[in-house]
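Everything below belongs to structure-v8.txt, which stores compact mmCIF, C-alpha atoms.
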# COMPACT_ATOMS: atom_id res chain seq x y z
CA MET X 737 101.27 109.94 52.32
CA THR X 738 104.66 108.43 53.10
CA ASP X 739 107.43 111.06 52.76
CA TRP X 740 109.49 109.30 50.12
CA LEU X 741 106.39 108.92 47.92
CA LEU X 742 105.20 112.53 48.21
CA ARG X 743 106.13 113.44 44.66
CA GLN X 744 103.73 110.83 43.30
CA SER X 745 100.79 111.92 45.47
CA PHE X 746 98.95 112.94 42.29
CA LEU X 747 98.31 109.22 41.79
CA GLY X 748 95.72 109.43 44.58
CA ALA X 749 95.50 110.30 48.25
CA ASN X 750 95.63 106.62 49.21
CA SER X 751 97.89 105.42 46.43
CA ASP X 752 100.72 104.65 48.86
CA GLU X 753 98.39 102.37 50.83
CA MET X 754 97.20 100.66 47.67
CA PHE X 755 100.74 100.00 46.54
CA SER X 756 101.94 98.86 49.94
CA ARG X 757 99.06 96.38 50.29
CA CYS X 758 99.42 94.99 46.82
CA ARG X 759 101.07 91.57 46.38
CA VAL X 760 102.77 91.44 43.04
CA GLY X 761 104.16 88.33 41.40
CA VAL X 762 106.95 88.67 38.85
CA ILE X 763 107.72 85.58 36.78
CA GLY X 764 111.08 85.86 35.05
CA LEU X 765 113.71 88.23 36.40
CA GLY X 766 115.88 88.78 33.36
CA GLY X 767 116.03 91.83 31.15
CA GLY X 768 112.33 92.68 31.50
CA GLY X 769 111.54 91.47 35.01
CA SER X 770 114.52 93.19 36.63
CA HIS X 771 113.37 96.54 35.20
CA ILE X 772 109.85 95.90 36.47
CA VAL X 773 110.82 95.05 40.05
CA GLN X 774 113.02 98.14 40.21
CA GLN X 775 110.17 100.41 39.13
CA LEU X 776 107.65 98.69 41.41
CA ALA X 777 110.00 99.14 44.35
CA HIS X 778 110.29 102.87 43.57
CA LEU X 779 106.48 103.10 43.44
CA GLY X 780 106.24 101.64 46.96
CA VAL X 781 104.82 98.21 46.18
CA GLY X 782 104.95 96.40 49.50
CA ASN X 783 104.79 92.69 48.71
CA PHE X 784 106.70 90.80 46.07
CA VAL X 785 106.75 87.16 45.05
CA LEU X 786 109.70 86.64 42.70
CA PHE X 787 109.96 83.57 40.49
CA ASP X 788 113.07 82.58 38.53
CA PRO X 789 115.07 79.35 38.68
CA ASP X 790 118.21 80.83 37.06
CA HIS X 791 121.37 82.46 38.39
CA VAL X 792 123.32 85.35 36.91
CA GLU X 793 125.58 84.55 33.95
CA GLU X 794 128.12 86.68 32.10
CA THR X 795 125.79 87.16 29.13
CA ASN X 796 123.07 88.62 31.38
CA LEU X 797 125.10 91.69 32.30
CA ASN X 798 124.11 93.64 29.18
CA ARG X 799 120.53 93.96 30.45
CA LEU X 800 119.92 92.53 33.93
CA VAL X 801 119.27 95.57 36.13
CA GLY X 802 121.06 95.29 39.47
CA ALA X 803 123.41 92.45 38.50
CA THR X 804 127.18 92.85 38.84
CA LYS X 805 130.37 91.02 37.92
CA LYS X 806 130.45 89.64 41.46
CA ASP X 807 127.05 88.06 40.90
CA VAL X 808 128.44 86.28 37.86
CA ALA X 809 131.39 84.98 39.87
CA ARG X 810 129.13 83.86 42.71
CA ALA X 811 126.39 82.51 40.45
CA THR X 812 123.90 84.60 42.45
CA PRO X 813 120.28 83.57 41.89
CA LYS X 814 118.34 86.19 39.92
CA THR X 815 115.74 86.25 42.69
CA THR X 816 118.50 87.34 45.10
CA VAL X 817 119.60 90.17 42.79
CA SER X 818 116.02 91.44 42.53
CA ARG X 819 115.44 91.14 46.26
CA ARG X 820 118.61 93.13 46.92
CA LEU X 821 117.49 95.79 44.45
CA ILE X 822 114.04 96.10 46.00
CA LYS X 823 115.33 96.22 49.57
CA SER X 824 117.89 98.90 48.68
CA ILE X 825 114.99 101.14 47.59
CA ASN X 826 112.30 100.08 50.06
CA PRO X 827 113.65 98.17 53.09
CA ASN X 828 110.11 97.62 54.35
CA ALA X 829 109.03 95.64 51.30
CA GLN X 830 108.24 91.99 51.90
CA VAL X 831 110.01 89.89 49.29
CA LEU X 832 109.42 86.18 48.87
CA ARG X 833 112.05 84.59 46.65
CA VAL X 834 111.07 81.50 44.70
CA PRO X 835 114.27 80.37 42.95
CA LYS X 836 112.58 77.55 41.06
CA GLU X 837 110.02 77.08 38.31
CA TRP X 838 106.80 78.85 39.28
CA GLN X 839 104.79 75.74 38.35
CA GLU X 840 106.33 73.88 41.30
CA ASP X 841 103.99 75.80 43.61
CA GLY X 842 101.19 77.40 41.65
CA ARG X 843 99.43 78.37 44.89
CA LEU X 844 102.07 81.07 45.37
CA VAL X 845 101.03 82.59 42.04
CA ALA X 846 97.39 82.22 43.03
CA GLY X 847 98.03 84.36 46.11
CA CYS X 848 99.18 87.37 44.06
CA ASP X 849 96.97 90.36 43.30
CA VAL X 850 98.67 91.10 39.98
CA VAL X 851 101.20 89.01 38.03
CA PHE X 852 103.85 90.26 35.62
CA GLY X 853 105.11 87.74 33.08
CA CYS X 854 108.55 88.33 31.62
CA VAL X 855 109.17 85.00 29.93
CA ASP X 856 110.66 83.98 26.62
CA THR X 857 108.17 81.59 25.09
CA TYR X 858 104.56 81.53 23.95
CA ILE X 859 104.06 78.28 25.82
CA ALA X 860 105.15 79.88 29.09
CA ARG X 861 102.82 82.84 28.49
CA GLU X 862 99.93 80.52 27.77
CA GLU X 863 100.54 78.61 31.02
CA ILE X 864 100.75 81.78 33.12
CA GLU X 865 97.62 83.23 31.55
CA ARG X 866 95.75 80.00 32.23
CA VAL X 867 96.66 80.09 35.94
CA CYS X 868 95.90 83.80 36.25
CA ARG X 869 92.46 83.37 34.69
CA ARG X 870 91.66 80.49 37.02
CA PHE X 871 92.53 82.60 40.07
CA MET X 872 91.14 85.92 38.78
CA ILE X 873 94.47 87.68 38.60
CA PRO X 874 95.30 90.45 36.13
CA PHE X 875 98.30 89.29 34.10
CA ILE X 876 100.64 91.79 32.47
CA ASP X 877 102.93 90.26 29.89
CA ILE X 878 105.91 91.81 28.16
CA GLY X 879 108.24 90.37 25.58
CA MET X 880 110.62 91.41 22.86
CA ASP X 881 112.45 89.83 19.96
CA VAL X 882 115.35 90.80 17.75
CA ILE X 883 114.78 89.30 14.33
CA GLU X 884 117.46 89.12 11.66
CA LEU X 885 116.35 90.34 8.25
CA PRO X 886 118.25 90.34 4.94
CA ASP X 887 119.00 94.05 5.34
CA GLY X 888 119.47 94.30 9.12
CA TYR X 889 117.60 93.63 12.33
CA LEU X 890 114.05 94.21 13.48
CA ILE X 891 113.29 94.82 17.14
CA SER X 892 109.68 94.22 18.10
CA GLY X 893 107.78 93.59 21.28
CA GLN X 894 104.48 93.75 23.09
CA MET X 895 102.83 94.62 26.36
CA ILE X 896 99.55 92.81 26.98
CA LEU X 897 97.17 93.12 29.91
CA SER X 898 95.17 89.91 30.16
CA MET X 899 92.34 90.83 32.48
CA PRO X 900 89.82 88.31 33.87
CA ASN X 901 86.49 88.65 32.00
CA GLU X 902 88.21 90.63 29.23
CA PRO X 903 89.84 89.49 25.96
CA CYS X 904 92.62 86.95 26.46
CA MET X 905 95.81 86.46 24.46
CA ARG X 906 93.99 84.14 22.07
CA CYS X 907 91.18 86.66 21.60
CA LEU X 908 93.85 89.24 20.83
CA GLY X 909 95.39 86.95 18.22
CA PHE X 910 98.69 86.90 20.07
CA LEU X 911 98.47 83.19 20.87
CA ASN X 912 97.09 80.39 18.73
CA GLU X 913 97.44 76.62 18.51
CA GLU X 914 99.67 76.72 15.44
CA LEU X 915 102.15 79.04 17.11
CA LEU X 916 102.23 76.94 20.28
CA ALA X 917 102.71 73.73 18.27
CA GLN X 918 105.54 75.25 16.24
CA GLU X 919 107.28 76.37 19.38
CA ALA X 920 106.82 73.00 21.05
CA ALA X 921 108.41 71.34 17.99
CA ARG X 922 111.44 73.62 18.32
CA TYR X 923 111.82 72.85 22.03
CA GLY X 924 115.46 72.78 23.11
CA ALA X 925 116.73 74.39 19.92
CA ALA X 926 116.21 78.02 20.87
CA GLY X 927 119.84 78.86 21.71
CA GLY X 928 120.85 82.29 23.01
CA ARG X 929 118.54 84.74 21.29
CA PRO X 930 119.66 88.37 20.82
CA GLN X 931 118.61 90.68 23.65
CA VAL X 932 119.41 94.26 24.57
CA ILE X 933 118.50 96.54 27.44
CA TRP X 934 116.57 99.53 26.13
CA PRO X 935 113.54 97.80 24.51
CA ASN X 936 113.15 95.83 27.74
CA GLY X 937 113.14 99.11 29.63
CA ILE X 938 110.50 100.64 27.38
CA LEU X 939 108.23 97.60 27.60
CA ALA X 940 108.75 97.30 31.36
CA SER X 941 107.81 100.97 31.78
CA ALA X 942 104.64 100.43 29.73
CA ALA X 943 103.78 97.43 31.90
CA VAL X 944 104.31 99.36 35.13
CA GLY X 945 102.26 102.27 33.75
CA THR X 946 99.45 99.83 33.03
CA PHE X 947 99.71 98.43 36.56
CA VAL X 948 99.49 101.93 38.06
CA GLN X 949 96.44 102.79 35.98
CA LEU X 950 94.84 99.52 37.05
CA VAL X 951 95.49 99.91 40.77
CA THR X 952 95.27 103.68 41.27
CA PRO X 953 93.35 105.06 38.31
CA TRP X 954 94.84 108.54 38.39
CA ARG X 955 93.15 109.31 35.06
CA ARG X 956 89.57 108.34 35.78
CA SER X 957 88.38 108.20 32.20
CA LEU X 958 91.22 106.05 30.93
CA LYS X 959 91.14 102.27 30.90
CA PRO X 960 94.54 100.59 30.99
CA SER X 961 95.88 99.58 27.62
CA LEU X 962 95.26 95.94 26.81
CA TYR X 963 97.70 95.43 23.96
CA LEU X 964 100.55 97.72 22.99
CA GLU X 965 102.83 96.84 20.10
CA TYR X 966 106.41 98.06 20.13
CA ASP X 967 108.44 98.78 17.03
CA GLY X 968 112.01 99.08 18.23
CA ASN X 969 113.30 100.30 14.89
CA THR X 970 111.17 103.44 14.95
CA GLN X 971 110.95 103.66 18.77
CA ALA X 972 107.15 103.67 18.52
CA MET X 973 104.62 102.09 20.83
CA ARG X 974 100.99 101.99 19.73
CA PRO X 975 97.76 100.15 20.61
CA SER X 976 97.30 97.04 18.52
CA ASN X 977 94.69 97.40 15.78
CA ARG X 978 93.40 93.97 16.82
CA LEU X 979 91.64 95.64 19.75
CA GLN X 980 89.05 97.36 17.55
CA HIS X 981 87.60 93.98 16.54
CA LEU X 982 87.02 92.97 20.14
CA VAL X 983 84.93 95.85 21.45
CA GLY X 984 82.00 94.45 23.43
CA LYS X 985 82.98 90.82 22.81
CA GLN X 986 83.21 88.27 25.62
CA CYS X 987 86.23 85.96 25.86
CA THR X 988 85.20 82.48 24.75
CA HIS X 989 88.42 80.73 25.74
CA PHE X 990 88.06 81.02 29.51
CA PRO X 991 84.53 80.29 30.82
CA LEU X 992 83.48 82.54 33.71
CA ASP X 993 82.96 79.57 36.03
CA ASP X 994 86.38 78.03 35.33
CA LEU X 995 87.73 79.29 38.62
CA GLY X 996 89.44 78.04 41.75
CA ASP X 997 90.66 74.55 42.49
CA PRO X 998 88.81 72.01 40.29
CA PHE X 999 89.77 69.26 42.72
CA TRP X 1000 88.69 71.04 45.90
CA GLN X 1001 87.71 68.48 48.52
CA MET F 527 93.61 80.55 58.49
CA LYS F 528 92.76 83.62 56.46
CA ILE F 529 89.88 83.89 54.03
CA ASN F 530 90.07 86.07 50.95
CA LEU F 531 87.48 86.74 48.26
CA ARG F 532 88.00 87.71 44.61
CA MET F 533 85.14 88.84 42.46
CA SER F 534 84.84 90.66 39.16
CA ARG F 535 83.64 94.25 39.19
CA LYS F 536 80.98 93.26 36.63
CA LEU F 537 79.52 90.72 39.04
CA LEU F 538 79.60 93.19 41.93
CA LEU F 539 77.67 95.72 39.81
CA GLN F 540 75.14 93.05 38.91
CA ILE F 541 74.58 92.29 42.60
CA HIS F 542 74.17 95.98 43.43
CA GLN F 543 71.67 96.41 40.60
CA ASP F 544 69.54 93.50 41.75
CA LEU F 545 69.61 94.41 45.44
CA ALA F 546 68.60 97.99 44.61
CA ARG F 547 65.34 96.90 42.93
CA PRO F 548 62.24 97.61 45.05
CA HIS F 549 60.23 94.61 46.23
CA PRO F 550 56.41 94.59 46.46
CA PHE F 551 56.51 94.29 50.25
CA ALA F 552 60.00 93.49 51.57
CA PHE F 553 62.12 96.47 52.62
CA GLU F 554 65.24 95.08 50.97
CA ARG F 555 66.40 92.27 48.72
CA VAL F 556 68.76 89.37 49.22
CA GLY F 557 70.55 86.96 46.88
CA PHE F 558 73.05 84.16 46.68
CA LEU F 559 76.46 83.82 45.07
CA ALA F 560 77.70 80.58 43.57
CA CYS F 561 81.42 80.36 44.31
CA LYS F 562 84.48 78.29 43.51
CA VAL F 563 87.23 77.89 46.09
CA ALA F 564 91.00 77.38 46.20
CA GLU F 565 93.87 77.30 48.64
CA THR F 566 96.16 80.21 47.87
CA LYS F 567 99.48 81.02 49.52
CA PRO F 568 99.94 82.85 51.83
CA LEU F 569 96.30 83.96 51.98
CA GLY F 570 94.85 80.66 53.13
CA VAL F 571 91.58 80.06 51.31
CA THR F 572 90.24 82.23 48.51
CA VAL F 573 86.59 82.27 47.47
CA PHE F 574 85.69 83.11 43.87
CA PRO F 575 82.04 84.11 43.36
CA TYR F 576 81.13 83.71 39.68
CA GLN F 577 77.33 83.77 39.42
CA TYR F 578 74.64 85.76 41.19
CA LEU F 579 71.34 84.04 41.96
CA GLN F 580 68.54 86.45 42.68
CA VAL F 581 65.76 85.51 45.07
CA GLU F 582 62.42 85.62 43.24
CA ASP F 583 59.74 88.06 44.45
CA GLU F 584 57.42 85.26 45.52
CA ASP F 585 60.13 83.60 47.62
CA TYR F 586 60.13 86.36 50.27
CA LEU F 587 58.01 86.13 53.41
CA ASN F 588 55.98 89.12 54.53
CA ASP F 589 57.70 89.77 57.87
CA VAL F 590 57.69 93.41 59.01
CA GLY F 591 60.14 92.59 61.80
CA VAL F 592 63.10 92.39 59.40
CA GLY F 593 64.22 94.05 56.17
CA ALA F 594 63.81 90.86 54.18
CA MET F 595 62.89 87.33 55.18
CA MET F 596 63.47 84.47 52.76
CA GLY F 597 60.89 81.73 52.52
CA PRO F 598 61.78 78.04 52.38
CA ALA F 599 61.65 78.04 48.57
CA ALA F 600 64.50 80.56 48.36
CA ILE F 601 66.74 78.42 50.54
CA ARG F 602 65.71 75.24 48.73
CA LYS F 603 66.62 76.70 45.33
CA ALA F 604 70.01 77.81 46.61
CA LEU F 605 70.62 74.39 48.14
CA GLN F 606 69.67 72.72 44.86
CA PHE F 607 72.05 74.94 42.92
CA ALA F 608 74.92 74.19 45.33
CA TYR F 609 74.22 70.47 45.03
CA LYS F 610 73.89 70.35 41.24
CA SER F 611 76.77 72.68 40.45
CA ASP F 612 79.22 71.51 43.12
CA VAL F 613 79.87 74.98 44.50
CA ALA F 614 80.19 76.98 47.68
CA MET F 615 77.24 79.28 48.38
CA PHE F 616 77.34 82.75 49.91
CA HIS F 617 74.28 84.78 50.89
CA ALA F 618 74.36 88.50 50.02
CA HIS F 619 72.47 91.60 51.07
CA ILE F 620 73.20 95.30 51.33
CA HIS F 621 73.30 97.92 54.07
CA ASP F 622 72.56 101.24 52.43
CA HIS F 623 75.47 103.38 53.62
CA TYR F 624 79.08 104.18 52.77
CA GLY F 625 82.05 102.55 54.50
CA PRO F 626 82.61 99.00 55.72
CA PRO F 627 79.31 97.32 56.68
CA TRP F 628 78.86 94.73 59.39
CA PHE F 629 76.31 92.14 60.42
CA SER F 630 73.46 93.21 62.72
CA ASP F 631 72.36 90.88 65.52
CA ILE F 632 69.49 89.71 63.32
CA ASP F 633 71.88 89.12 60.40
CA LEU F 634 74.13 87.03 62.63
CA ARG F 635 71.25 85.04 64.06
CA GLU F 636 69.74 84.27 60.65
CA THR F 637 72.97 83.45 58.86
CA ASN F 638 73.99 81.20 61.74
CA ASN F 639 70.71 79.39 61.19
CA PHE F 640 70.81 78.74 57.46
CA VAL F 641 74.42 78.91 56.21
CA PRO F 642 75.50 75.63 57.88
CA ASP F 643 72.59 73.93 56.08
CA PHE F 644 74.64 74.10 52.89
CA TRP F 645 76.96 71.48 54.40
CA HIS F 646 74.09 69.01 54.05
CA VAL F 647 74.49 69.23 50.26
CA ARG F 648 78.13 70.32 49.88
CA PRO F 649 79.96 69.31 53.07
CA THR F 650 83.52 69.93 51.87
CA PHE F 651 83.00 73.52 50.76
CA PRO F 652 83.06 76.67 52.85
CA HIS F 653 79.82 78.63 52.77
CA GLY F 654 79.05 82.08 54.04
CA ALA F 655 77.43 85.46 53.89
CA LEU F 656 78.39 88.85 52.51
CA ILE F 657 77.17 92.31 53.38
CA LEU F 658 77.63 95.02 50.82
CA SER F 659 77.55 98.74 51.43
CA ARG F 660 77.58 101.39 48.71
CA ASP F 661 81.36 101.27 48.44
CA SER F 662 82.60 98.35 50.52
CA LEU F 663 81.76 94.87 51.69
CA SER F 664 82.34 92.48 54.57
CA GLY F 665 81.77 88.81 55.03
CA LEU F 666 81.76 85.71 57.18
CA CYS F 667 82.84 82.28 56.07
CA TRP F 668 81.97 78.95 57.68
CA MET F 669 84.80 76.49 57.02
CA PRO F 670 84.03 72.76 57.10
CA GLY F 671 84.63 71.34 60.55
CA ARG F 672 84.42 74.70 62.31
CA GLN F 673 81.32 75.80 64.19
CA LYS F 674 82.21 79.48 64.31
CA PRO F 675 82.54 81.54 61.15
CA LEU F 676 85.74 83.32 60.15
CA ARG F 677 85.74 86.93 59.07
CA ILE F 678 86.79 87.41 55.44
CA SER F 679 89.96 89.43 55.76
CA GLY F 680 90.55 90.54 52.20
CA PHE F 681 88.50 91.36 49.13
CA ASN F 682 89.85 91.90 45.62
CA ILE F 683 87.41 93.48 43.22
CA VAL F 684 88.89 92.65 39.84
CA GLY F 685 88.19 95.14 37.09
CA PHE F 686 88.85 98.71 36.08
CA PRO F 687 89.97 99.85 38.59
CA MET F 688 91.11 97.10 40.94
CA THR F 689 89.94 97.53 44.53
CA PHE F 690 91.64 95.91 47.49
CA ILE F 691 89.76 95.88 50.78
CA ARG F 692 91.69 94.55 53.77
CA GLN F 693 89.95 94.06 57.13

Could you render the structure as structure tokens?
Amino acid sequence: MTDWLLRQSFLGANSDEMFSRCRVGVIGLGGGGSHIVQQLAHLGVGNFVLFDPDHVEETNLNRLVGATKKDVARATPKTTVSRRLIKSINPNAQVLRVPKEWQEDGRLVAGCDVVFGCVDTYIAREEIERVCRRFMIPFIDIGMDVIELPDGYLISGQMILSMPNEPCMRCLGFLNEELLAQEAARYGAAGGRPQVIWPNGILASAAVGTFVQLVTPWRRSLKPSLYLEYDGNTQAMRPSNRLQHLVGKQCTHFPLDDLGDPFWQ
Amino acid sequence: MKINLRMSRKLLLQIHQDLARPHPFAFERVGFLACKVAETKPLGVTVFPYQYLQVEDEDYLNDVGVGAMMGPAAIRKALQFAYKSDVAMFHAHIHDHYGPPWFSDIDLRETNNFVPDFWHVRPTFPHGALILSRDSLSGLCWMPGRQKPLRISGFNIVGFPMTFIRQ
């Protein structure tokens, strides 16, 4: 066991090897993704592929872990901030920065062992899940929203593990055609939605905990959570009750043979 | 070029269950895996087995010189499946021990004989052979245009838990 990881040796005798071999993709390096890369670096994850086309702006500083005023002034790419953060914790980590839309080279996503999605829209989640299913990659999604109500604000969020051969986001009722169509109709009118750091941190921690349980099952009897719902107003995180309707059911949205490159020649 | 393979844990269990069944006269069982393929960065090529095809009892030859010898019908059925379904095909059998397995001389000779035949029906796909052990696996992959097979350098078993095997 590597010295700096000794205190987490309870995760398994070879957990440091598992983490160091693992190639993790993180799509979206804002409030959620920056928390995730920081925690993964502390765990000893050895290979990162970081996707985000944006640079740091003033309004990111309330939640973007690792970003500074200087990054705002220099318009530092978010992938650079995350790489700097990772390297400051684990200089041996291999970090591939992809400062563009992940769709521009989907083969880089396909090469990941696990993908974290930290994106803002249902459409983006649907696209990432589709690619991950095709290339048999576990996909861990997090997201949060601050919704204005007549008597205040509601903070809600979710952490979903979309596992090949297991229920997908449509099976879970998280995605549906109506929702995707509504969002597509609103395209370009989203504006700057409210965001704040601590719910991102809670959801990112749940996502990283799910990743650890998936890769080094330190509690043998426990399957990783598939769908956790977060109520930011009561600070509660609980498994979605939608899961109980899916026990023993096969996903019908992604056929088992819908894999690989359909145009392979 | 590196070759990687990703397979669900459910499928791996199904293969183990079939290969563990006793045969009326053969010492061991064999099977085939229908696979899809993709180029993945920076891994090179990744193979995705998705369906296990067992070899029927009557399609084995009674040959005491080897653990299991497939008859022509077994190969023909696998070739037909590859042709009809437009897939890569990988042969599979098990060595009953723990730790990484590897091909015996007989395994190498036989796979060298029949795996390239799949190019007659699906010339653009890689084809190959896997050897399972109780807790690991190894494999060889014949890429189109190459006479010699490449060793599969990485396996991802996708399920609860994930397993990464790097060789």

Tell me, in Å to one decimal, how far CA of Leu950 (chain X) is from CA of Ile763 (chain X).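 That distance, rounded to one decimal, is 19.0 Å.
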
A straight line from CA of Ala920 (chain X) to CA of Ser898 (chain X) spans 22.5 Å

Can you work out which residues from chain F touch chain X at a cut-off of 10 Å (counting only C-alpha atoms) and hand them back as a ChimeraX atom specification? /F:530,532-536,560-577,612-613,648-651,682-692

Go ahead and write the residues just picked, C-alpha atoms, as a PDB file, in the frame of the given file.
ATOM      1  CA  ASN F 530      90.070  86.070  50.950  1.00  0.00           C
ATOM      2  CA  ARG F 532      88.000  87.710  44.610  1.00  0.00           C
ATOM      3  CA  MET F 533      85.140  88.840  42.460  1.00  0.00           C
ATOM      4  CA  SER F 534      84.840  90.660  39.160  1.00  0.00           C
ATOM      5  CA  ARG F 535      83.640  94.250  39.190  1.00  0.00           C
ATOM      6  CA  LYS F 536      80.980  93.260  36.630  1.00  0.00           C
ATOM      7  CA  ALA F 560      77.700  80.580  43.570  1.00  0.00           C
ATOM      8  CA  CYS F 561      81.420  80.360  44.310  1.00  0.00           C
ATOM      9  CA  LYS F 562      84.480  78.290  43.510  1.00  0.00           C
ATOM     10  CA  VAL F 563      87.230  77.890  46.090  1.00  0.00           C
ATOM     11  CA  ALA F 564      91.000  77.380  46.200  1.00  0.00           C
ATOM     12  CA  GLU F 565      93.870  77.300  48.640  1.00  0.00           C
ATOM     13  CA  THR F 566      96.160  80.210  47.870  1.00  0.00           C
ATOM     14  CA  LYS F 567      99.480  81.020  49.520  1.00  0.00           C
ATOM     15  CA  PRO F 568      99.940  82.850  51.830  1.00  0.00           C
ATOM     16  CA  LEU F 569      96.300  83.960  51.980  1.00  0.00           C
ATOM     17  CA  GLY F 570      94.850  80.660  53.130  1.00  0.00           C
ATOM     18  CA  VAL F 571      91.580  80.060  51.310  1.00  0.00           C
ATOM     19  CA  THR F 572      90.240  82.230  48.510  1.00  0.00           C
ATOM     20  CA  VAL F 573      86.590  82.270  47.470  1.00  0.00           C
ATOM     21  CA  PHE F 574      85.690  83.110  43.870  1.00  0.00           C
ATOM     22  CA  PRO F 575      82.040  84.110  43.360  1.00  0.00           C
ATOM     23  CA  TYR F 576      81.130  83.710  39.680  1.00  0.00           C
ATOM     24  CA  GLN F 577      77.330  83.770  39.420  1.00  0.00           C
ATOM     25  CA  ASP F 612      79.220  71.510  43.120  1.00  0.00           C
ATOM     26  CA  VAL F 613      79.870  74.980  44.500  1.00  0.00           C
ATOM     27  CA  ARG F 648      78.130  70.320  49.880  1.00  0.00           C
ATOM     28  CA  PRO F 649      79.960  69.310  53.070  1.00  0.00           C
ATOM     29  CA  THR F 650      83.520  69.930  51.870  1.00  0.00           C
ATOM     30  CA  PHE F 651      83.000  73.520  50.760  1.00  0.00           C
ATOM     31  CA  ASN F 682      89.850  91.900  45.620  1.00  0.00           C
ATOM     32  CA  ILE F 683      87.410  93.480  43.220  1.00  0.00           C
ATOM     33  CA  VAL F 684      88.890  92.650  39.840  1.00  0.00           C
ATOM     34  CA  GLY F 685      88.190  95.140  37.090  1.00  0.00           C
ATOM     35  CA  PHE F 686      88.850  98.710  36.080  1.00  0.00           C
ATOM     36  CA  PRO F 687      89.970  99.850  38.590  1.00  0.00           C
ATOM     37  CA  MET F 688      91.110  97.100  40.940  1.00  0.00           C
ATOM     38  CA  THR F 689      89.940  97.530  44.530  1.00  0.00           C
ATOM     39  CA  PHE F 690      91.640  95.910  47.490  1.00  0.00           C
ATOM     40  CA  ILE F 691      89.760  95.880  50.780  1.00  0.00           C
ATOM     41  CA  ARG F 692      91.690  94.550  53.770  1.00  0.00           C
TER      42      ARG F 692
END

Could you state the separation of CA of Ala943 (chain X) and CA of His981 (chain X) in Å, given to one decimal place?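 Computed distance, CA of Ala943 (chain X) to CA of His981 (chain X), equals 22.6 Å.
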
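The shortest atom-to-atom distance to Arg799 (chain X), with only C-alpha atoms taken into account, belongs to X:Trp934 out of X:Tyr923, X:Phe755, X:Trp934, X:Phe784.
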
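Checking F:Gln580, F:Asn588, F:His653, F:Asn639 one by one against Ala608 (chain F), counting only C-alpha atoms, you find the shortest gap at F:His653.
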
Which is closest to Arg974 (chain X) among X:Gln894, X:Pro886, X:Arg955, X:Arg906, if we use all atoms listed in the file?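 Among the listed residues, the smallest separation from Arg974 (chain X) belongs to X:Gln894.
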
6 Å per side around region 874-885 of chain X: axis-aligned box centre and edge lengths, as lines of an AutoDock Vina configuration file:
center_x = 106.4
center_y = 90.5
center_z = 22.2
size_x = 34.2
size_y = 14.7
size_z = 39.9

Quick one: residues within 9 Å of Ser976 (chain X), all atoms listed in the file, excluding same-chain residues fewer than 3 positions away - as a PyMOL selection string? chain X and resi 908+962-965+979-980

Using all atoms listed in the file, which residue out of X:Gln931, X:Thr738, X:Thr988, X:Asn977 lies closest to Asn750 (chain X)?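 Once distances to Asn750 (chain X) are computed over all atoms listed in the file, the minimum belongs to X:Thr738.
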
Residues within 10 Å of (108.4, 87.9, 34.9), counting only C-alpha atoms, listed as JSON, numbers by chain: {"X": [761, 762, 763, 764, 765, 766, 767, 768, 769, 770, 771, 772, 773, 786, 787, 788, 851, 852, 853, 854, 855, 856, 861, 864, 876, 877, 878, 879]}

Counting all atoms listed in the file, which residue out of F:Trp668, F:Phe551, F:Phe640, F:Phe681 sits closest to Val592 (chain F)?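 The closest residue to Val592 (chain F) is F:Phe551.
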
Between X:Val760, X:Val801, X:Met973, X:Ile859, single out the one closest to Gly893 (chain X), counting all atoms listed in the file.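 Using all atoms listed in the file, the shortest distance to Gly893 (chain X) belongs to X:Met973.
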
For Lys603 (chain F): contacts at 10 Å, only C-alpha atoms, fewer than 4 positions along chain excluded, given as a list of chain:residue names: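 Those residues are F:Phe558, F:Leu579, F:Val581, F:Asp585, F:Pro598, F:Ala599, F:Phe607, F:Ala608, F:Tyr609.
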
Save region 933-948 of chain X to disk from that block, C-alpha atoms included, as a PDB file, in the first residue's frame.
ATOM      1  CA  ILE X 933     -21.405  25.055  -3.143  1.00  0.00           C
ATOM      2  CA  TRP X 934     -22.579  22.775  -0.348  1.00  0.00           C
ATOM      3  CA  PRO X 935     -25.258  20.707  -2.156  1.00  0.00           C
ATOM      4  CA  ASN X 936     -22.704  20.119  -4.917  1.00  0.00           C
ATOM      5  CA  GLY X 937     -20.284  18.874  -2.283  1.00  0.00           C
ATOM      6  CA  ILE X 938     -22.823  16.498  -0.767  1.00  0.00           C
ATOM      7  CA  LEU X 939     -23.828  15.067  -4.141  1.00  0.00           C
ATOM      8  CA  ALA X 940     -20.199  14.808  -5.278  1.00  0.00           C
ATOM      9  CA  SER X 941     -19.347  12.915  -2.083  1.00  0.00           C
ATOM     10  CA  ALA X 942     -22.238  10.502  -2.679  1.00  0.00           C
ATOM     11  CA  ALA X 943     -21.020   9.963  -6.236  1.00  0.00           C
ATOM     12  CA  VAL X 944     -17.451   9.277  -5.123  1.00  0.00           C
ATOM     13  CA  GLY X 945     -18.734   6.920  -2.405  1.00  0.00           C
ATOM     14  CA  THR X 946     -20.661   5.032  -5.075  1.00  0.00           C
ATOM     15  CA  PHE X 947     -17.536   4.851  -7.239  1.00  0.00           C
ATOM     16  CA  VAL X 948     -15.494   3.445  -4.343  1.00  0.00           C
TER      17      VAL X 948
END
